[in-house]
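Structure file data_0.txt with compact mmCIF, C-alpha atoms:
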# COMPACT_ATOMS: atom_id res chain seq x y z
CA MET A 18 -34.24 10.11 -5.45
CA GLN A 19 -34.91 7.18 -3.09
CA TYR A 20 -33.12 3.92 -3.80
CA ASP A 21 -34.20 0.45 -2.68
CA ASN A 22 -34.72 -3.04 -4.08
CA LYS A 23 -38.34 -3.42 -3.42
CA SER A 24 -39.81 -0.28 -4.96
CA LEU A 25 -37.88 -0.84 -8.20
CA TYR A 26 -38.88 -4.51 -8.41
CA ASP A 27 -42.51 -3.79 -7.54
CA GLY A 28 -42.63 -0.92 -10.03
CA LEU A 29 -41.19 -3.03 -12.84
CA VAL A 30 -43.72 -5.77 -12.11
CA ALA A 31 -46.72 -3.41 -11.68
CA SER A 32 -45.98 -1.68 -14.97
CA GLY A 33 -45.71 -5.04 -16.73
CA LEU A 34 -42.08 -4.53 -17.72
CA ILE A 35 -40.98 -7.75 -16.02
CA ILE A 36 -42.98 -10.91 -15.40
CA PRO A 37 -42.08 -12.93 -12.27
CA THR A 38 -41.62 -16.70 -12.64
CA GLY A 39 -41.45 -17.73 -9.00
CA GLU A 40 -37.67 -18.09 -9.01
CA PRO A 41 -35.64 -15.11 -7.74
CA GLY A 42 -33.57 -13.48 -10.46
CA VAL A 43 -35.51 -15.17 -13.28
CA PHE A 44 -38.24 -13.15 -14.96
CA GLY A 45 -39.74 -12.39 -18.35
CA ARG A 46 -39.47 -9.02 -20.10
CA ASN A 47 -42.31 -7.38 -22.04
CA ALA A 48 -42.12 -5.67 -25.44
CA VAL A 49 -41.50 -2.21 -23.92
CA PHE A 50 -38.55 -3.52 -21.92
CA GLU A 51 -37.19 -5.33 -24.97
CA ASP A 52 -37.56 -2.25 -27.15
CA VAL A 53 -35.48 -0.17 -24.72
CA LEU A 54 -32.89 -2.96 -24.54
CA GLU A 55 -32.63 -3.28 -28.32
CA ARG A 56 -32.50 0.48 -28.84
CA PHE A 57 -29.68 0.80 -26.33
CA ASN A 58 -27.83 -2.10 -27.91
CA GLY A 59 -28.30 -0.30 -31.23
CA LEU A 60 -26.56 2.79 -29.83
CA VAL A 61 -23.63 0.59 -28.85
CA THR A 62 -23.56 -0.78 -32.40
CA GLN A 63 -23.42 2.78 -33.74
CA LEU A 64 -20.52 3.65 -31.45
CA ALA A 65 -18.59 0.58 -32.57
CA GLN A 66 -19.44 0.88 -36.25
CA ALA A 67 -16.05 2.11 -37.46
CA ASP A 68 -14.07 -0.37 -35.34
CA GLY A 69 -14.45 -3.28 -37.74
CA ALA A 70 -15.31 -5.92 -35.14
CA GLU A 71 -16.12 -9.47 -36.27
CA LYS A 72 -19.60 -10.41 -35.10
CA PHE A 73 -20.34 -13.86 -33.66
CA THR A 74 -23.11 -15.58 -31.76
CA PHE A 75 -22.60 -18.64 -29.59
CA PRO A 76 -25.36 -20.63 -27.88
CA PRO A 77 -25.92 -20.35 -24.12
CA THR A 78 -24.18 -23.70 -23.69
CA LEU A 79 -20.41 -23.83 -23.37
CA ALA A 80 -18.41 -27.02 -23.92
CA ARG A 81 -17.49 -28.29 -20.46
CA GLU A 82 -13.93 -28.90 -21.61
CA VAL A 83 -13.54 -25.19 -22.46
CA PHE A 84 -15.19 -24.23 -19.19
CA GLU A 85 -12.80 -26.40 -17.19
CA LYS A 86 -9.76 -25.21 -19.09
CA SER A 87 -10.76 -21.57 -18.57
CA GLY A 88 -10.23 -21.95 -14.81
CA PHE A 89 -13.64 -20.53 -13.92
CA MET A 90 -13.95 -22.95 -10.99
CA LYS A 91 -10.71 -21.68 -9.44
CA SER A 92 -12.26 -18.24 -9.14
CA PHE A 93 -16.06 -18.37 -9.15
CA PRO A 94 -17.33 -21.88 -8.30
CA GLN A 95 -20.32 -20.35 -6.49
CA LEU A 96 -21.63 -18.77 -9.70
CA ALA A 97 -21.28 -21.72 -12.06
CA MET A 98 -24.40 -23.37 -13.46
CA GLY A 99 -23.95 -26.86 -14.89
CA VAL A 100 -26.30 -28.85 -17.07
CA VAL A 101 -27.40 -32.36 -16.09
CA SER A 102 -29.62 -34.85 -17.86
CA PHE A 103 -31.18 -38.23 -17.24
CA CYS A 104 -29.08 -41.02 -18.71
CA GLY A 105 -30.46 -43.97 -16.76
CA CYS A 106 -32.38 -47.13 -17.71
CA GLY A 107 -36.11 -47.90 -17.54
CA LYS A 108 -35.95 -48.87 -13.85
CA ASP A 109 -34.16 -45.62 -13.02
CA HIS A 110 -36.82 -43.72 -14.92
CA ALA A 111 -39.61 -45.17 -12.80
CA GLU A 112 -37.63 -44.19 -9.72
CA LEU A 113 -37.09 -40.68 -11.11
CA VAL A 114 -40.79 -40.12 -11.79
CA SER A 115 -41.79 -41.46 -8.41
CA ARG A 116 -39.27 -39.27 -6.56
CA ILE A 117 -40.48 -36.18 -8.41
CA ALA A 118 -44.08 -37.08 -7.50
CA ASP A 119 -43.02 -37.42 -3.84
CA GLY A 120 -41.06 -34.14 -3.88
CA LYS A 121 -37.83 -36.00 -3.13
CA SER A 122 -34.34 -35.24 -4.41
CA TYR A 123 -33.35 -37.02 -7.64
CA ASP A 124 -29.91 -35.44 -8.02
CA ASP A 125 -28.23 -38.87 -7.86
CA LEU A 126 -30.22 -40.01 -10.91
CA MET A 127 -28.96 -37.17 -13.08
CA THR A 128 -25.66 -37.17 -14.97
CA ARG A 129 -23.54 -34.24 -15.99
CA THR A 130 -23.60 -33.43 -19.70
CA GLY A 131 -20.88 -32.15 -22.01
CA VAL A 132 -21.96 -28.54 -21.52
CA VAL A 133 -22.37 -25.86 -18.86
CA LEU A 134 -24.34 -22.61 -19.13
CA ILE A 135 -22.04 -19.83 -20.24
CA PRO A 136 -20.93 -17.87 -17.19
CA ALA A 137 -19.53 -14.86 -19.08
CA ALA A 138 -20.22 -13.61 -22.58
CA CYS A 139 -16.60 -13.78 -23.74
CA TYR A 140 -15.80 -17.38 -22.74
CA PRO A 141 -16.84 -19.18 -25.95
CA ILE A 142 -14.53 -17.14 -28.16
CA TYR A 143 -11.10 -17.75 -26.61
CA PRO A 144 -10.49 -21.27 -27.97
CA SER A 145 -11.09 -19.92 -31.49
CA PHE A 146 -8.11 -17.55 -31.06
CA THR A 147 -5.65 -20.42 -30.45
CA GLY A 148 -2.64 -20.05 -32.72
CA THR A 149 -1.12 -16.94 -34.28
CA LEU A 150 -3.24 -13.81 -34.65
CA PRO A 151 -3.20 -11.65 -37.77
CA GLU A 152 -1.14 -8.45 -37.69
CA GLY A 153 -2.90 -5.99 -35.33
CA GLY A 154 -4.79 -8.73 -33.49
CA ARG A 155 -8.56 -9.23 -33.55
CA LEU A 156 -11.71 -7.59 -32.25
CA VAL A 157 -14.92 -9.53 -31.65
CA ASP A 158 -18.51 -8.40 -31.00
CA MET A 159 -21.11 -10.66 -29.37
CA THR A 160 -24.43 -10.40 -27.55
CA HIS A 161 -25.00 -13.39 -25.27
CA TRP A 162 -27.28 -14.60 -22.54
CA VAL A 163 -25.08 -15.41 -19.54
CA PHE A 164 -25.86 -17.37 -16.38
CA ARG A 165 -24.87 -16.80 -12.75
CA HIS A 166 -26.12 -18.80 -9.82
CA GLU A 167 -26.91 -15.96 -7.45
CA PRO A 168 -30.64 -16.00 -6.75
CA SER A 169 -31.52 -12.65 -5.21
CA GLU A 170 -34.42 -10.34 -4.50
CA GLU A 171 -32.46 -7.49 -6.10
CA PRO A 172 -33.98 -6.94 -9.56
CA THR A 173 -30.53 -5.99 -10.85
CA ARG A 174 -29.02 -9.35 -9.80
CA MET A 175 -30.32 -11.90 -12.26
CA GLN A 176 -29.58 -15.58 -12.78
CA SER A 177 -29.65 -15.00 -16.52
CA PHE A 178 -29.21 -11.81 -18.49
CA ARG A 179 -27.83 -10.41 -21.73
CA VAL A 180 -24.43 -8.86 -22.19
CA ARG A 181 -23.23 -6.91 -25.21
CA GLU A 182 -19.63 -7.95 -25.23
CA PHE A 183 -16.52 -6.94 -27.13
CA VAL A 184 -13.25 -8.81 -26.87
CA ARG A 185 -9.90 -7.39 -28.00
CA VAL A 186 -6.89 -9.62 -28.44
CA GLY A 187 -3.48 -8.38 -29.54
CA SER A 188 -0.45 -6.54 -28.16
CA PRO A 189 -0.61 -5.20 -24.58
CA GLU A 190 -0.51 -1.62 -25.88
CA ALA A 191 -3.35 -2.16 -28.36
CA VAL A 192 -5.49 -3.93 -25.78
CA ILE A 193 -5.05 -1.26 -23.09
CA GLU A 194 -5.61 1.60 -25.53
CA TRP A 195 -8.81 -0.06 -26.75
CA ARG A 196 -10.03 -0.64 -23.18
CA ASN A 197 -9.40 3.02 -22.26
CA MET A 198 -11.18 4.25 -25.37
CA TRP A 199 -14.26 2.19 -24.51
CA LEU A 200 -14.24 3.26 -20.87
CA GLN A 201 -14.68 6.83 -22.10
CA ARG A 202 -17.24 5.82 -24.73
CA GLY A 203 -19.28 3.89 -22.19
CA LEU A 204 -19.32 6.79 -19.73
CA THR A 205 -20.28 9.31 -22.40
CA LEU A 206 -23.02 7.07 -23.82
CA LEU A 207 -24.67 6.45 -20.45
CA GLN A 208 -24.38 10.09 -19.39
CA SER A 209 -25.95 11.14 -22.69
CA LEU A 210 -28.99 9.09 -21.66
CA GLY A 211 -29.38 11.17 -18.51
CA LEU A 212 -27.79 8.60 -16.19
CA PRO A 213 -25.36 9.75 -13.45
CA ALA A 214 -22.72 7.25 -14.60
CA GLN A 215 -19.27 7.14 -13.03
CA GLU A 216 -16.22 4.96 -13.47
CA GLU A 217 -14.77 2.89 -10.64
CA VAL A 218 -11.87 0.53 -10.10
CA ALA A 219 -13.54 -2.79 -9.34
CA SER A 220 -12.92 -6.45 -8.57
CA ASP A 221 -14.69 -9.66 -9.52
CA PRO A 222 -16.63 -11.71 -6.90
CA PHE A 223 -13.84 -14.28 -6.39
CA PHE A 224 -14.77 -17.12 -4.03
CA GLY A 225 -13.66 -17.41 -0.42
CA ARG A 226 -10.51 -16.27 1.40
CA VAL A 227 -8.34 -17.07 -1.58
CA GLY A 228 -10.75 -14.91 -3.54
CA LYS A 229 -10.11 -12.02 -1.23
CA MET A 230 -6.47 -12.09 -2.28
CA LEU A 231 -7.34 -12.42 -5.97
CA ALA A 232 -9.75 -9.48 -5.68
CA ASN A 233 -7.12 -7.38 -3.87
CA ASN A 234 -4.57 -8.20 -6.58
CA GLN A 235 -7.04 -7.29 -9.31
CA ARG A 236 -7.86 -3.99 -7.64
CA GLU A 237 -4.23 -3.09 -6.92
CA GLN A 238 -3.30 -3.66 -10.55
CA LYS A 239 -6.45 -1.85 -11.78
CA LEU A 240 -7.34 -4.77 -14.03
CA LYS A 241 -11.09 -4.22 -13.74
CA PHE A 242 -13.10 -1.05 -14.18
CA GLU A 243 -16.83 -0.61 -14.01
CA VAL A 244 -19.17 2.13 -15.10
CA VAL A 245 -21.70 2.35 -12.30
CA VAL A 246 -25.09 4.04 -11.89
CA PRO A 247 -27.15 4.21 -8.68
CA VAL A 248 -30.17 1.96 -9.31
CA ILE A 249 -31.13 0.24 -6.04
CA SER A 250 -28.60 1.96 -3.77
CA GLU A 251 -26.76 5.26 -3.73
CA GLU A 252 -23.81 3.93 -1.67
CA ASN A 253 -23.39 0.80 -3.80
CA PRO A 254 -24.20 1.86 -7.34
CA THR A 255 -24.90 -0.87 -9.87
CA ALA A 256 -22.31 -1.84 -12.49
CA VAL A 257 -23.87 -1.44 -15.93
CA CYS A 258 -20.67 -1.85 -17.91
CA SER A 259 -17.59 -3.79 -16.96
CA PHE A 260 -14.07 -3.79 -18.39
CA ASN A 261 -11.69 -6.65 -17.65
CA TYR A 262 -8.04 -6.64 -18.63
CA HIS A 263 -6.87 -10.29 -18.40
CA GLN A 264 -3.23 -9.60 -19.32
CA ASP A 265 -1.99 -12.96 -20.65
CA TYR A 266 -4.31 -15.20 -18.62
CA PHE A 267 -6.46 -16.42 -21.53
CA SER A 268 -3.60 -16.23 -24.02
CA LYS A 269 -1.51 -18.60 -21.88
CA THR A 270 -4.49 -20.88 -21.30
CA PHE A 271 -5.51 -21.06 -24.96
CA GLU A 272 -2.05 -20.47 -26.53
CA ILE A 273 -2.79 -17.25 -28.40
CA MET A 274 0.23 -15.60 -30.04
CA GLN A 275 0.67 -12.21 -31.71
CA ALA A 276 1.83 -12.06 -35.33
CA ASN A 277 5.35 -11.25 -34.05
CA GLY A 278 5.47 -14.54 -32.13
CA GLU A 279 5.03 -13.03 -28.65
CA LEU A 280 2.23 -14.07 -26.32
CA ALA A 281 -0.91 -11.98 -26.92
CA GLN A 282 -3.01 -10.25 -24.29
CA THR A 283 -6.79 -9.93 -24.01
CA ALA A 284 -9.39 -7.59 -22.59
CA CYS A 285 -13.16 -7.61 -22.74
CA LEU A 286 -15.95 -5.22 -21.99
CA GLY A 287 -19.60 -5.90 -21.50
CA PHE A 288 -22.73 -3.80 -21.16
CA GLY A 289 -25.23 -5.48 -18.85
CA LEU A 290 -28.22 -4.78 -21.07
CA GLU A 291 -31.00 -5.46 -18.55
CA ARG A 292 -29.20 -3.36 -15.96
CA VAL A 293 -28.95 -0.42 -18.36
CA CYS A 294 -32.72 -0.71 -18.96
CA MET A 295 -33.41 -0.83 -15.22
CA ALA A 296 -31.20 2.23 -14.67
CA LEU A 297 -33.23 4.07 -17.33
CA PHE A 298 -36.54 2.98 -15.77
CA LYS A 299 -35.32 4.00 -12.33
CA HIS A 300 -34.12 7.45 -13.39
CA HIS A 301 -36.75 8.36 -15.99
CA GLY A 302 -39.81 6.39 -14.88
CA PHE A 303 -41.55 3.17 -15.92
CA ASP A 304 -43.17 4.68 -19.03
CA PRO A 305 -40.64 5.45 -21.77
CA LYS A 306 -43.18 7.73 -23.48
CA GLN A 307 -42.75 10.10 -20.55
CA TRP A 308 -38.95 10.11 -20.63
CA PRO A 309 -37.13 13.42 -21.22
CA ALA A 310 -37.10 14.43 -24.88
CA ALA A 311 -33.29 14.41 -25.02
CA VAL A 312 -33.21 10.77 -23.89
CA ARG A 313 -36.07 9.74 -26.19
CA SER A 314 -34.49 11.35 -29.22
CA LYS A 315 -31.31 9.32 -28.68
CA LEU A 316 -33.11 6.00 -28.30
CA TRP A 317 -35.90 6.65 -30.81
CA PRO A 318 -34.36 9.07 -33.32
CA MET B 10 18.39 -18.57 7.72
CA THR B 11 15.80 -21.26 8.01
CA ILE B 12 12.65 -19.18 7.39
CA VAL B 13 14.10 -18.03 4.09
CA ASN B 14 15.03 -21.58 3.10
CA ASP B 15 11.51 -22.77 3.87
CA ILE B 16 10.09 -19.90 1.81
CA ARG B 17 12.37 -20.87 -1.08
CA GLN B 18 11.11 -24.44 -0.85
CA VAL B 19 7.46 -23.30 -0.92
CA LEU B 20 8.21 -21.11 -3.93
CA LYS B 21 9.92 -24.00 -5.67
CA ASP B 22 6.91 -26.25 -5.11
CA HIS B 23 4.07 -23.78 -5.77
CA ALA B 24 5.18 -20.56 -7.49
CA ARG B 25 5.90 -21.98 -10.96
CA LEU B 26 8.65 -19.42 -11.52
CA SER B 27 10.95 -19.39 -14.48
CA ALA B 28 13.86 -18.47 -12.16
CA ASP B 29 15.73 -20.82 -9.79
CA THR B 30 14.19 -20.20 -6.37
CA THR B 31 17.27 -21.45 -4.50
CA THR B 32 19.45 -18.63 -5.83
CA LEU B 33 16.89 -15.89 -6.34
CA ALA B 34 17.82 -12.65 -4.52
CA GLU B 35 15.71 -12.01 -1.43
CA ASP B 36 14.54 -8.69 -2.82
CA ALA B 37 13.93 -9.95 -6.36
CA ASP B 38 10.43 -9.20 -7.71
CA LEU B 39 8.60 -12.52 -7.81
CA TYR B 40 5.98 -11.20 -10.23
CA GLN B 41 8.77 -10.28 -12.65
CA ALA B 42 10.06 -13.81 -12.17
CA GLY B 43 6.74 -15.21 -13.37
CA LEU B 44 4.51 -15.36 -10.30
CA THR B 45 0.85 -15.08 -11.38
CA SER B 46 -2.15 -14.06 -9.34
CA HIS B 47 -3.39 -17.66 -9.12
CA SER B 48 0.01 -19.11 -8.24
CA SER B 49 0.51 -16.44 -5.56
CA VAL B 50 -2.64 -17.78 -3.94
CA ASN B 51 -1.16 -21.30 -3.93
CA VAL B 52 2.03 -19.89 -2.41
CA MET B 53 -0.01 -18.14 0.27
CA LEU B 54 -1.86 -21.36 1.19
CA ALA B 55 1.34 -23.40 1.20
CA LEU B 56 3.07 -20.86 3.44
CA GLU B 57 0.16 -21.08 5.89
CA GLY B 58 0.58 -24.84 6.01
CA LYS B 59 4.34 -24.74 6.32
CA PHE B 60 4.52 -22.13 9.08
CA ASP B 61 1.17 -22.94 10.73
CA VAL B 62 -0.06 -19.38 10.46
CA GLU B 63 -3.07 -17.67 8.94
CA PHE B 64 -2.56 -14.51 6.96
CA PRO B 65 -5.03 -11.87 8.13
CA ASP B 66 -7.06 -10.05 5.46
CA ARG B 67 -4.78 -7.02 5.58
CA MET B 68 -1.89 -9.23 4.40
CA LEU B 69 -3.75 -10.83 1.48
CA LYS B 70 -2.18 -8.34 -0.87
CA ARG B 71 0.09 -8.44 -3.85
CA GLY B 72 2.93 -6.61 -2.10
CA VAL B 73 3.19 -9.14 0.75
CA PHE B 74 3.97 -11.95 -1.72
CA GLY B 75 6.11 -9.82 -4.02
CA SER B 76 9.55 -10.94 -2.81
CA ILE B 77 11.21 -13.47 -0.51
CA ALA B 78 12.06 -10.59 1.85
CA SER B 79 8.47 -9.34 2.06
CA ILE B 80 7.19 -12.87 2.69
CA ARG B 81 9.87 -13.33 5.40
CA ASP B 82 8.77 -10.07 7.08
CA ALA B 83 5.13 -11.20 7.08
CA ILE B 84 5.95 -14.68 8.43
CA THR B 85 8.24 -13.20 11.09
CA GLU B 86 5.46 -10.88 12.23
CA LEU B 87 2.88 -13.69 12.33
CA THR B 88 5.09 -16.23 14.12
CA ALA B 89 6.22 -13.63 16.70
CA ALA B 90 2.63 -12.86 17.69
Go through the file and emit its structure as structure tokens.
Amino acid sequence: MQYDNKSLYDGLVASGLIIPTGEPGVFGRNAVFEDVLERFNGLVTQLAQADGAEKFTFPPTLAREVFEKSGFMKSFPQLAMGVVSFCGCGKDHAELVSRIADGKSYDDLMTRTGVVLIPAACYPIYPSFTGTLPEGGRLVDMTHWVFRHEPSEEPTRMQSFRVREFVRVGSPEAVIEWRNMWLQRGLTLLQSLGLPAQEEVASDPFFGRVGKMLANNQREQKLKFEVVVPVISEENPTAVCSFNYHQDYFSKTFEIMQANGELAQTACLGFGLERVCMALFKHHGFDPKQWPAAVRSKLWP
Amino acid sequence: MTIVNDIRQVLKDHARLSADTTTLAEDADLYQAGLTSHSSVNVMLALEGKFDVEFPDRMLKRGVFGSIASIRDAITELTAA
């Protein structure tokens, strides 16, 4: 199989699966794409059924105060996407309209709002854990649109995409055991769909030279794993599922204690839903009706 | 030894340890003493300022900032060059 950006992107567009908008990394999805995405997400639901997770949905906007407290800007300032709005007077408005008409910058006329776009699917939940957890900790299940400012021609690198996310908070042992269980589940699920999925020790895209050290630390301590599938490159397979063990980072930040009074720990895992779809389209073709029977029977039982 | 004293001062100012950096053993594990990933980065930057060096990529690792002794070895190597 040949891997490259362009043929996958062109194929997705030509078959109508994605609809370009003119901005790299921002496109629409058609009903066929969405059906695959929802079916896959349904398989994840089945896998998690007996786990007793609490389901929540948060909007794509995250309170700026939570965003700032989370320390996202220490690690990934290049990926953050803020939200601004016009808060000026009538005179400013005339200026704004005239600058837009002239194609000039109007950044100075815009004011930051109380929200940012959520950069990771788990961020909205941590403040709700503040305090003492019930015995055994908690497990949360969310599907969120997330936002990353990394415009790219790679179809797999989007500025906005959906993540099926689980967050476990509790004792270190419980959190690690849960993470390991899901690593195996994720691999098995993706392999059962005919994808050559593998696990890898990974690191997050921390910013700058300081980021290099943070990434090295993360790798050395094996705090991040990814399940990867070749989609646009064989040498650099695409992460379709990511597992982050935060140790006590969020628990310290948001003061989350176990029932026994000790500091809790957290881990999260997320399936990049669009990336899973693209991996399926890459490996089985752009028409799901033609996919191997074994794959079809899993997704459309 | 002055390098070690300077390192202790940097740790005091930037490492946010629970232990007393002036009496901490040179081989004591700084991560055990409360050094986090983010504070180790601040320590690294402060050491660069203090000793006027730049840690090469190969030194931007957990082990290099794991004890006073390992920091001293790294600084000694960089200032000798």
Counting only C-alpha atoms, chain A residues within 9 Å of chain B, as a ChimeraX atom specification: /A:91-92,226-231,233-235,237-238,266
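Here atom CA of Val133 of chain A is placed at a distance of 4.4 Å from atom CA of Gly99 of chain A.
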Give, as lines of an AutoDock Vina configuration file, the centre coordinates and the x, y and z edge lengths in Å to one decimal for an axis-aligned box around all listed atoms of segment 292-299 of chain A, padded by 3 Å on each side.
center_x = -32.7
center_y = 0.4
center_z = -15.6
size_x = 13.6
size_y = 13.4
size_z = 12.6
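Going from atom CA of Thr130 of chain A to atom CA of Phe84 of chain A covers 12.5 Å.
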Residue neighbourhood segment 157-167 of chain A, 7 Å, all atoms listed in the file, exclusion window fewer than 4 positions, as a ChimeraX atom specification: /A:70-74,77,95-98,134-138,176-185
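Taking all atoms listed in the file into account, those protein, DNA and RNA residues with any atom at most 7 Å away from (12.5, -18.3, -2.8) amount to Ile16, Arg17, Gln18, Leu20, Lys21, Thr30, Thr31, Leu33 and Ile77 of chain B.
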Spatial neighbours of segment 297-308 of chain A, max dist 9 Å, all atoms listed in the file, sep filter under 5 positions, as a PyMOL selection string: chain A and resi 18+20+25+28-29+32+34+49+53+210-212+247-249+292+313
Contacts of segment 169-174 of chain A at 6 Å (all atoms listed in the file; same-chain gap of 2+ positions) as an MDAnalysis selection string: chainID A and resid 22 26 41:42 292
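With only C-alpha atoms as the atoms that count, the minimum distance from Arg236 of chain A to the choices A:Phe50, A:Tyr123, A:Tyr262, A:Phe271 is reached by A:Tyr262.
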7 Å contact set for Asn261 of chain A, only C-alpha atoms, chain neighbours under 3 positions out, as a list in words: Leu240, Lys241, Phe242, Ala284, Cys285 and Leu286 of chain A
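Atom CA of Thr85 of chain B to atom CA of Val52 of chain B spans 16.3 Å [interatomic distance, one decimal].
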From A:Thr283, A:Gln264, A:Ser209, A:Asn253, residue lying nearest Pro309 of chain A [only C-alpha atoms]: A:Ser209
Polymer residues at most 12 Å from (4.9, -11.4, 13.3) by only C-alpha atoms, as a VMD selection string: chain B and resid 60 62 to 65 68 79 to 90
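Distances here use only C-alpha atoms; by that measure, the residue among B:Leu44, B:Leu56, B:Val13, B:Val73 closest to Thr32 of chain B is B:Val13.
Nearest-residue note for Pro168 of chain A: choosing from A:Lys86, A:Phe44, A:Gly287, A:Pro254, the minimum distance belongs to A:Phe44, counting only C-alpha atoms.
Across A:Asp119, A:Asn197, A:Leu280, A:Ile273, the tightest approach to Glu243 of chain A is made by A:Asn197 when counting only C-alpha atoms.
All residues of protein, DNA or RNA that reach within 12 Å of Pro318 of chain A, judged by all atoms listed in the file and not counting those fewer than 6 positions away in the chain, are A:Arg56, A:Phe57, A:Gly59, A:Leu60, A:Ala310, A:Ala311, A:Val312.
With all atoms listed in the file as the basis for measurement, B:Ala28 is the residue among B:Ala28, B:Ala78, B:Ile12, B:Val19 that approaches Ala42 of chain B most closely.
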